[in-house]
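Participant: mmCIF, C-alpha atoms and all ligand atoms, saved as protein.cif, coming up:
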data_run
#
loop_
_atom_site.label_atom_id
_atom_site.label_comp_id
_atom_site.auth_asym_id
_atom_site.auth_seq_id
_atom_site.Cartn_x
_atom_site.Cartn_y
_atom_site.Cartn_z
CA MET O 14 120.89 198.06 28.03
CA ASN O 15 119.97 194.97 29.98
CA SER O 16 122.28 194.39 32.95
CA THR O 17 123.07 190.81 31.89
CA THR O 18 124.09 191.84 28.39
CA ASN O 19 127.79 191.92 27.61
CA LEU O 20 128.43 193.57 24.28
CA ASN O 21 131.87 192.00 24.13
CA GLU O 22 130.44 188.53 23.83
CA SER O 23 129.48 187.14 20.47
CA PHE O 24 125.96 186.30 21.61
CA ILE O 25 123.13 187.50 23.83
CA LYS O 26 120.92 185.41 26.12
CA VAL O 27 117.14 185.80 25.84
CA ARG O 28 114.98 183.77 28.24
CA GLY O 29 117.81 181.27 28.64
CA LYS O 30 118.48 180.88 24.90
CA ARG O 31 121.67 182.18 23.29
CA PHE O 32 121.53 184.10 20.00
CA HIS O 33 124.69 185.10 18.13
CA TYR O 34 124.86 188.71 16.98
CA ILE O 35 125.79 187.52 13.52
CA TRP O 36 122.61 185.40 13.45
CA LEU O 37 120.51 188.28 14.76
CA ARG O 38 121.85 190.72 12.18
CA ASP O 39 121.42 188.10 9.46
CA ASN O 40 117.79 187.54 10.52
CA CYS O 41 116.86 191.18 11.05
CA LEU O 42 113.14 191.78 10.43
CA ASN O 43 113.56 195.43 9.45
CA PRO O 44 112.11 196.15 5.97
CA LYS O 45 115.59 197.28 4.87
CA SER O 46 116.85 193.76 5.62
CA ARG O 47 113.85 191.68 4.62
CA ASN O 48 111.17 192.56 2.11
CA PRO O 49 107.94 192.91 4.09
CA ASP O 50 105.75 191.81 1.18
CA THR O 51 107.65 188.78 -0.07
CA PHE O 52 109.30 187.91 3.31
CA GLN O 53 112.55 187.34 1.41
CA ARG O 54 115.97 188.38 2.67
CA ILE O 55 117.61 191.47 1.19
CA TYR O 56 120.52 191.86 3.62
CA ASP O 57 123.85 190.27 2.64
CA TYR O 58 125.67 189.32 5.83
CA THR O 59 128.89 188.48 3.98
CA GLU O 60 129.36 192.23 3.47
CA ASN O 61 129.43 192.64 7.28
CA PRO O 62 130.61 189.34 8.79
CA GLN O 63 131.27 190.80 12.28
CA PRO O 64 128.26 192.95 13.14
CA LYS O 65 128.71 195.00 16.31
CA PRO O 66 125.83 196.07 18.57
CA LEU O 67 126.04 199.64 19.87
CA TYR O 68 122.92 199.53 22.00
CA VAL O 69 120.83 196.60 23.22
CA GLU O 70 117.51 196.72 25.00
CA LEU O 71 115.75 193.59 26.20
CA ASN O 72 112.28 194.07 27.64
CA GLU O 73 109.28 191.80 28.20
CA GLU O 74 108.10 192.07 24.61
CA GLU O 75 111.10 192.78 22.40
CA LEU O 76 114.82 192.69 21.85
CA ILE O 77 116.01 195.95 20.27
CA ILE O 78 119.51 196.31 18.83
CA ASP O 79 121.13 199.37 17.27
CA TRP O 80 124.03 198.26 15.13
CA ASP O 81 127.34 200.00 14.57
CA GLU O 82 126.65 200.74 10.92
CA LYS O 83 126.46 203.68 8.57
CA PRO O 84 123.73 204.58 8.00
CA SER O 85 122.53 203.56 11.45
CA HIS O 86 120.36 200.47 11.61
CA ARG O 87 117.89 199.28 14.26
CA SER O 88 116.59 195.70 14.54
CA ILE O 89 113.54 194.80 16.61
CA TYR O 90 112.75 191.17 17.39
CA PRO O 91 109.54 190.09 19.17
CA ILE O 92 110.52 187.71 21.98
CA SER O 93 107.89 185.21 20.80
CA TRP O 94 109.52 185.19 17.35
CA LEU O 95 112.98 184.66 18.85
CA LEU O 96 111.83 181.76 21.00
CA LYS O 97 110.13 180.12 18.03
CA TYR O 98 113.35 180.29 16.02
CA ALA O 99 115.76 179.58 18.90
CA TYR O 100 118.58 177.21 17.94
CA ASP O 101 120.19 176.72 21.38
CA PRO O 102 121.09 173.90 21.71
CA GLU O 103 119.22 172.76 18.55
CA PRO O 104 116.77 174.43 16.19
CA LYS O 105 113.16 173.39 16.67
CA GLN O 106 110.86 172.44 13.84
CA ILE O 107 108.69 175.45 13.00
CA CYS O 108 105.87 173.32 11.64
CA ASN O 109 104.96 170.09 13.36
CA GLU O 110 103.45 167.09 11.70
CA PRO O 111 101.05 165.03 13.76
CA LYS O 112 102.49 161.72 14.88
CA LEU O 113 101.72 158.92 12.42
CA VAL O 114 99.08 156.51 13.67
CA LEU O 115 99.64 153.11 12.09
CA TRP O 116 96.41 151.17 11.82
CA ASP O 117 94.86 147.86 10.87
CA ARG O 118 91.21 146.80 10.75
CA PHE O 119 90.96 146.31 14.50
CA TRP O 120 92.19 149.82 15.25
CA PHE O 121 88.89 151.17 13.85
CA ASP O 122 86.84 149.14 16.35
CA LYS O 123 88.16 151.50 19.05
CA HIS O 124 88.52 154.59 16.86
CA PRO O 125 85.54 154.82 14.52
CA ILE O 126 86.10 157.23 11.66
CA GLU O 127 83.83 160.24 11.29
CA ARG O 128 82.94 161.86 8.01
CA HIS O 129 83.80 165.57 8.19
CA ASP O 130 81.14 167.91 6.84
CA ILE O 131 83.02 170.31 4.57
CA HIS O 132 80.73 173.17 5.52
CA SER O 133 81.40 173.01 9.25
CA CYS O 134 84.58 171.02 9.96
CA PRO O 135 87.68 173.10 10.83
CA GLN O 136 90.19 172.64 8.02
CA LEU O 137 93.12 171.76 10.28
CA LEU O 138 91.10 168.91 11.83
CA TRP O 139 90.74 166.91 8.65
CA MET O 140 94.24 167.95 7.51
CA ASP O 141 95.74 166.57 10.73
CA GLU O 142 93.79 163.35 10.26
CA LEU O 143 95.07 163.01 6.71
CA CYS O 144 98.64 163.38 8.04
CA ALA O 145 98.19 160.98 10.96
CA LEU O 146 96.15 158.20 9.32
CA GLY O 147 97.09 158.74 5.69
CA PHE O 148 93.47 159.38 4.71
CA THR O 149 90.40 161.40 5.66
CA LEU O 150 86.77 161.29 4.64
CA LEU O 151 84.82 164.47 3.85
CA SER O 152 81.09 164.62 3.29
CA ASN O 153 78.24 166.79 2.07
CA MET O 154 80.11 168.04 -0.99
CA SER O 155 78.10 168.77 -4.12
CA ILE O 156 79.62 167.95 -7.47
CA GLU O 157 79.63 171.66 -8.30
CA GLU O 158 81.73 172.29 -5.17
CA MET O 159 84.22 169.48 -5.72
CA GLU O 160 86.88 171.16 -7.85
CA SER O 161 86.71 174.55 -6.16
CA PHE O 162 86.82 172.96 -2.68
CA LEU O 163 89.94 170.94 -3.50
CA THR O 164 91.62 173.81 -5.32
CA LYS O 165 90.90 176.40 -2.66
CA SER O 166 91.47 174.15 0.36
CA ILE O 167 94.62 172.45 -0.87
CA GLY O 168 95.97 173.32 -4.31
CA PRO O 169 95.66 172.93 -8.06
CA ILE O 170 94.37 169.63 -9.32
CA ASN O 171 97.21 167.87 -11.05
CA ALA O 172 97.16 168.28 -14.79
CA THR O 173 96.85 164.86 -16.35
CA PHE O 174 95.14 164.25 -19.66
CA GLU O 175 91.83 164.30 -17.89
CA ILE O 176 92.11 166.61 -14.91
CA VAL O 177 89.44 164.64 -13.08
CA SER O 178 88.73 161.15 -14.39
CA ASP O 179 85.61 159.03 -14.07
CA VAL O 180 85.70 155.70 -12.25
CA LYS O 181 82.69 153.75 -13.50
CA PRO O 182 81.94 150.83 -15.82
CA THR O 183 82.89 152.04 -19.29
CA PRO O 184 82.98 150.32 -22.69
CA ASP O 185 86.59 150.36 -23.97
CA ALA O 186 87.84 150.87 -20.40
CA LYS O 187 91.46 152.07 -20.15
CA ASP O 188 91.82 150.80 -16.58
CA LEU O 189 90.83 147.50 -14.97
CA GLY O 190 88.76 149.44 -12.43
CA ASN O 191 86.46 150.65 -15.22
CA LEU O 192 85.64 147.27 -16.76
CA MET O 193 81.92 146.72 -17.40
CA ILE O 194 81.79 143.76 -14.99
CA GLY O 195 82.68 145.83 -11.87
CA PRO O 196 85.57 143.58 -10.76
CA GLU O 197 87.30 143.59 -7.39
CA VAL O 198 90.34 145.89 -7.37
CA LEU O 199 93.08 144.75 -5.01
CA PRO O 200 94.94 147.30 -2.87
CA HIS O 201 97.57 149.34 -4.70
CA ASN O 202 98.83 152.86 -4.98
CA ALA O 203 98.67 155.09 -8.04
CA HIS O 204 101.13 156.58 -10.52
CA ASN O 205 104.20 154.60 -9.48
CA TYR O 206 105.46 155.10 -13.01
CA LYS O 207 105.80 158.83 -12.22
CA LEU O 208 108.04 158.64 -9.19
CA SER O 209 109.10 162.26 -9.07
CA LYS O 210 105.91 163.28 -7.26
CA PHE O 211 104.23 162.54 -3.96
CA LEU O 212 100.50 162.84 -4.55
CA MET O 213 97.28 163.23 -2.68
CA LEU O 214 94.69 161.04 -4.38
CA PHE O 215 91.00 161.93 -4.14
CA PHE O 216 87.86 159.95 -4.88
CA TYR O 217 84.63 161.91 -5.02
CA CYS O 218 81.44 159.85 -4.95
CA VAL O 219 78.94 161.13 -7.52
CA GLU O 220 76.48 158.28 -7.07
CA HIS O 221 76.61 154.91 -5.42
CA ASN O 222 73.61 152.64 -5.21
CA ALA O 223 75.03 149.43 -6.69
CA LYS O 224 75.33 146.27 -4.63
CA GLY O 225 78.93 145.82 -3.42
CA GLY O 226 81.74 148.17 -4.39
CA GLU O 227 82.94 148.87 -0.85
CA SER O 228 86.12 150.92 -0.70
CA ILE O 229 89.19 149.22 0.76
CA LEU O 230 92.13 151.02 2.37
CA VAL O 231 95.35 149.47 3.65
CA ASP O 232 97.96 151.23 5.75
CA SER O 233 101.06 149.95 3.98
CA PHE O 234 103.32 151.42 6.68
CA ARG O 235 101.54 149.19 9.25
CA VAL O 236 101.90 146.21 6.91
CA CYS O 237 105.58 146.95 6.35
CA GLU O 238 106.40 147.19 10.04
CA ASP O 239 104.78 143.80 10.69
CA PHE O 240 106.39 142.35 7.57
CA ARG O 241 109.81 143.66 8.67
CA GLN O 242 109.36 142.12 12.11
CA LYS O 243 108.33 138.68 10.89
CA TYR O 244 110.28 138.39 7.62
CA PRO O 245 113.41 140.58 7.90
CA GLU O 246 115.14 138.87 4.97
CA TYR O 247 112.16 139.34 2.67
CA PHE O 248 111.80 142.92 3.86
CA LYS O 249 115.44 143.49 2.88
CA ILE O 250 114.82 142.05 -0.57
CA LEU O 251 111.79 144.28 -1.25
CA SER O 252 113.57 147.36 0.04
CA GLU O 253 116.74 146.75 -1.97
CA THR O 254 115.50 145.37 -5.28
CA PRO O 255 114.31 147.93 -7.85
CA ILE O 256 111.53 146.86 -10.18
CA VAL O 257 109.87 148.60 -13.11
CA PHE O 258 106.56 150.45 -12.92
CA HIS O 259 105.16 151.48 -16.27
CA LYS O 260 102.16 152.57 -18.29
CA PHE O 261 101.80 152.32 -22.03
CA ASP O 262 99.40 155.02 -23.21
CA PRO O 263 98.53 154.72 -26.91
CA GLN O 264 95.71 157.30 -26.64
CA ASN O 265 98.21 160.06 -25.87
CA ASN O 266 101.38 158.50 -27.32
CA TYR O 267 103.32 158.10 -24.06
CA TYR O 268 105.19 155.28 -22.43
CA PHE O 269 105.76 156.17 -18.77
CA SER O 270 108.33 154.07 -16.93
CA ASP O 271 110.19 154.38 -13.66
CA THR O 272 112.24 152.06 -11.46
CA ALA O 273 112.21 151.78 -7.68
CA PRO O 274 112.10 149.28 -4.81
CA ILE O 275 108.60 148.53 -3.47
CA ILE O 276 109.63 149.57 0.05
CA GLN O 277 111.66 152.78 0.20
CA LEU O 278 113.60 153.74 3.33
CA ASP O 279 115.28 156.93 4.46
CA THR O 280 118.87 157.01 5.75
CA GLN O 281 117.63 156.08 9.26
CA GLY O 282 115.82 152.97 7.97
CA ASN O 283 112.36 154.52 8.35
CA ILE O 284 109.77 153.69 5.71
CA TYR O 285 108.87 156.81 3.74
CA ARG O 286 107.30 155.49 0.54
CA ILE O 287 105.67 152.36 -0.78
CA CYS O 288 105.29 151.65 -4.48
CA PHE O 289 102.90 148.80 -4.94
CA ASN O 290 100.73 148.23 -7.95
CA GLU O 291 100.33 144.74 -9.28
CA LYS O 292 98.59 146.14 -12.38
CA ASN O 293 101.56 148.19 -13.55
CA CYS O 294 104.77 146.48 -12.38
CA GLU O 295 107.30 144.21 -14.07
CA ARG O 296 109.40 141.84 -12.01
CA THR O 297 112.36 142.03 -14.36
CA ILE O 298 115.35 141.49 -12.11
CA PRO O 299 118.63 139.52 -12.31
CA PHE O 300 118.33 135.76 -12.79
CA GLU O 301 120.01 134.90 -9.49
CA LYS O 302 117.58 137.02 -7.48
CA ILE O 303 114.30 136.20 -9.08
CA GLU O 304 113.16 133.20 -7.02
CA SER O 305 113.76 134.84 -3.67
CA PHE O 306 112.11 138.01 -4.96
CA TYR O 307 108.96 136.08 -5.95
CA GLU O 308 108.83 134.52 -2.46
CA ALA O 309 109.16 137.89 -0.73
CA TYR O 310 106.64 139.58 -3.03
CA SER O 311 104.07 136.83 -2.58
CA ILE O 312 104.14 137.09 1.22
CA PHE O 313 103.99 140.89 1.08
CA TYR O 314 101.01 140.75 -1.28
CA HIS O 315 99.20 138.34 1.06
CA TYR O 316 99.55 140.95 3.82
CA MET O 317 97.90 143.52 1.52
CA LYS O 318 95.05 141.10 0.76
CA ASN O 319 94.57 140.07 4.38
CA PRO O 320 91.22 141.49 5.64
CA ALA O 321 92.83 142.04 9.06
CA TYR O 322 94.77 144.93 7.51
CA GLN O 323 91.91 146.30 5.42
CA TYR O 324 89.55 149.10 6.42
CA ARG O 325 86.36 148.69 4.38
CA PHE O 326 83.55 151.19 4.12
CA ARG O 327 81.00 152.43 1.66
CA LEU O 328 81.37 155.77 -0.10
CA ASN O 329 78.06 157.64 -0.17
CA ASP O 330 76.90 160.29 -2.61
CA GLY O 331 78.73 163.57 -1.86
CA ASP O 332 81.62 161.92 0.05
CA CYS O 333 85.18 162.81 -0.86
CA LEU O 334 87.97 160.49 0.23
CA LEU O 335 91.48 162.01 0.41
CA ILE O 336 94.45 159.63 0.50
CA HIS O 337 98.20 160.03 1.06
CA ASN O 338 99.05 157.98 -1.99
CA VAL O 339 102.57 156.82 -1.04
CA ARG O 340 101.34 155.36 2.23
CA VAL O 341 97.72 154.19 2.02
CA MET O 342 96.76 151.64 -0.65
CA HIS O 343 93.29 151.78 -2.17
CA GLY O 344 91.07 149.13 -3.71
CA ARG O 345 87.45 148.02 -3.75
CA THR O 346 85.27 144.95 -3.50
CA ALA O 347 83.48 143.72 -6.63
CA PHE O 348 80.07 145.17 -7.47
CA ASP O 349 77.23 144.28 -9.77
CA PRO O 350 76.72 147.09 -12.34
CA ARG O 351 73.27 145.63 -13.16
CA SER O 352 72.14 146.35 -9.60
CA GLY O 353 72.78 150.09 -9.76
CA ILE O 354 75.34 152.83 -10.35
CA ARG O 355 78.79 153.23 -8.83
CA HIS O 356 80.28 156.43 -10.21
CA LEU O 357 83.32 158.14 -8.68
CA LYS O 358 85.51 161.00 -9.84
CA ALA O 359 89.24 160.64 -9.19
CA GLY O 360 92.26 162.90 -9.44
CA PHE O 361 95.40 164.15 -7.74
CA VAL O 362 96.82 167.17 -6.00
CA ASP O 363 100.58 167.42 -5.36
CA TRP O 364 101.27 166.44 -1.76
CA ASP O 365 103.61 169.43 -1.54
CA TYR O 366 100.59 171.74 -1.80
CA PHE O 367 98.84 169.92 1.02
CA THR O 368 101.92 170.17 3.26
CA ALA O 369 102.49 173.81 2.34
CA ARG O 370 98.88 174.78 3.06
CA ARG O 371 98.96 173.04 6.43
CA ASN O 372 102.32 174.62 7.28
CA PHE O 373 100.92 178.02 6.33
CA TYR O 374 98.19 177.75 8.96
CA GLN O 375 100.80 176.74 11.53
CA SER O 376 103.29 179.49 10.80
CA LYS O 377 101.32 182.50 9.52
CA HIS O 378 101.43 184.22 12.92
CA LEU O 379 105.20 184.51 12.46
CA TYR O 380 104.80 186.48 9.25
CA LEU O 381 101.42 188.22 9.32
CA SER O 382 100.39 190.54 12.09
FE FE M 401 93.76 152.93 -8.41
#
Take the structure in this file and express it as structure tokens.
Facilitator:
Amino acid sequence: MNSTTNLNESFIKVRGKRFHYIWLRDNCLNPKSRNPDTFQRIYDYTENPQPKPLYVELNEEELIIDWDEKPSHRSIYPISWLLKYAYDPEPKQICNEPKLVLWDRFWFDKHPIERHDIHSCPQLLWMDELCALGFTLLSNMSIEEMESFLTKSIGPINATFEIVSDVKPTPDAKDLGNLMIGPEVLPHNAHNYKLSKFLMLFFYCVEHNAKGGESILVDSFRVCEDFRQKYPEYFKILSETPIVFHKFDPQNNYYFSDTAPIIQLDTQGNIYRICFNEKNCERTIPFEKIESFYEAYSIFYHYMKNPAYQYRFRLNDGDCLLIHNVRVMHGRTAFDPRSGIRHLKAGFVDWDYFTARRNFYQSKHLYLS
């Protein structure tokens, strides 16, 4: 037994951190307490709410405890594991997200964006960039690789009617972006009429040799912070007034509709989601509020259209742009379909899969030896 250990106390100190015996017994890593294949808990602490240690050994590598139980039970905790899960005085986050970097056009003058070759770039590098900036740009992907790369690197491509849809001039277009005239598409985010999901949006460039058609990205979190600073009353209106986002789909017999404020805040007042899509929203709100809402919306929309907030670049054949859809708006400049081809593939992966895959890389050493 370690000389500093007092078995009469309710906790033990390991490298300056206190751990309660009840917590230690509850979090025992022994296969009888936790299934080693599924990593799920088997032990029910409520059957033994006051576990008593009989023997404790604390060495450089491990904490070993024999419990006063029948049959006898030994728990072994690697010190590194304990320190990772220490909760004295507060639990730490096991998986860390990179700090958000809010950007505008000028930010890229000092921080030019690199395309990441999918065959050589470490996965966590582009994943961290996608977290920090809200987008990342991959390159050198063949069309045959596209689906398997996204599925294996992140997760299943979201099942919509077309799993991956084409973005190109199309007769009988079902979206403004596919009109035969190649019109400008102003910044927006996708699928606001299906609010239950956070999505990662991808655009894969099959071929692009038309004149124009530059991609446009806007960091709506950057816009919102500036908007909040300069127009606090309008910010309040857009964060407190729900509007309707909808899509009428006669091809598949659906009418999707959902209601939410454009700017969504957490309980601390931090922005966590923006719903902004001029194509698919209805400003149907109470009579008394409508004029002030139009004023606030108009100023907000001018921020989105302001080139100072827009990062513009050209997608090349084999590029794949990944976007955190609730943060970064996407759009494009107009192009002339008579001058050449602009053909993209677009689709979604649940953001939860992206986060879970990234967290897996961060935490696997705690589970897998
Ligand atoms: Fe879109």
Participant: Using only C-alpha atoms and all ligand atoms, find each protein or nucleic acid residue lying at most 10 Å from ligand FE 401 (chain M); present the set as a VMD selection string.
Facilitator: chain O and resid 180 188 to 190 198 to 204 214 216 290 292 338 342 to 345 359
Participant: Mind pulling up the distance from atom CA of Glu227 of chain O to atom CA of Phe348 of chain O?
Facilitator: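 Result for atom CA of Phe348 of chain O versus atom CA of Glu227 of chain O: 8.1 Å, one decimal.
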Participant: My list of candidates is O:Phe289, O:Phe211, O:Trp80, O:Tyr217. Which is closest to Asp365 of chain O when distances are computed with only C-alpha atoms?
Facilitator: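 Selected residue with least distance to Asp365 of chain O: O:Phe211.
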Participant: Just give me the gap between atom CA of Gly331 of chain O and atom CA of Glu197 of chain O in Å, one decimal is fine.
Facilitator: 22.4 Å
Participant: So the first atom is atom CA of Ser376 of chain O and the second is atom CA of Cys108 of chain O; what is the distance between them in Å, to one decimal place?
Facilitator: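 Straight-line distance from atom CA of Ser376 of chain O to atom CA of Cys108 of chain O works out to 6.7 Å.
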Participant: Using only C-alpha atoms, which of O:Ile194, O:Leu278, O:Ile229, O:Cys294 sits nearest Pro350 of chain O?
Facilitator: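 Among O:Ile194, O:Leu278, O:Ile229, O:Cys294, it is O:Ile194 that comes nearest to Pro350 of chain O.
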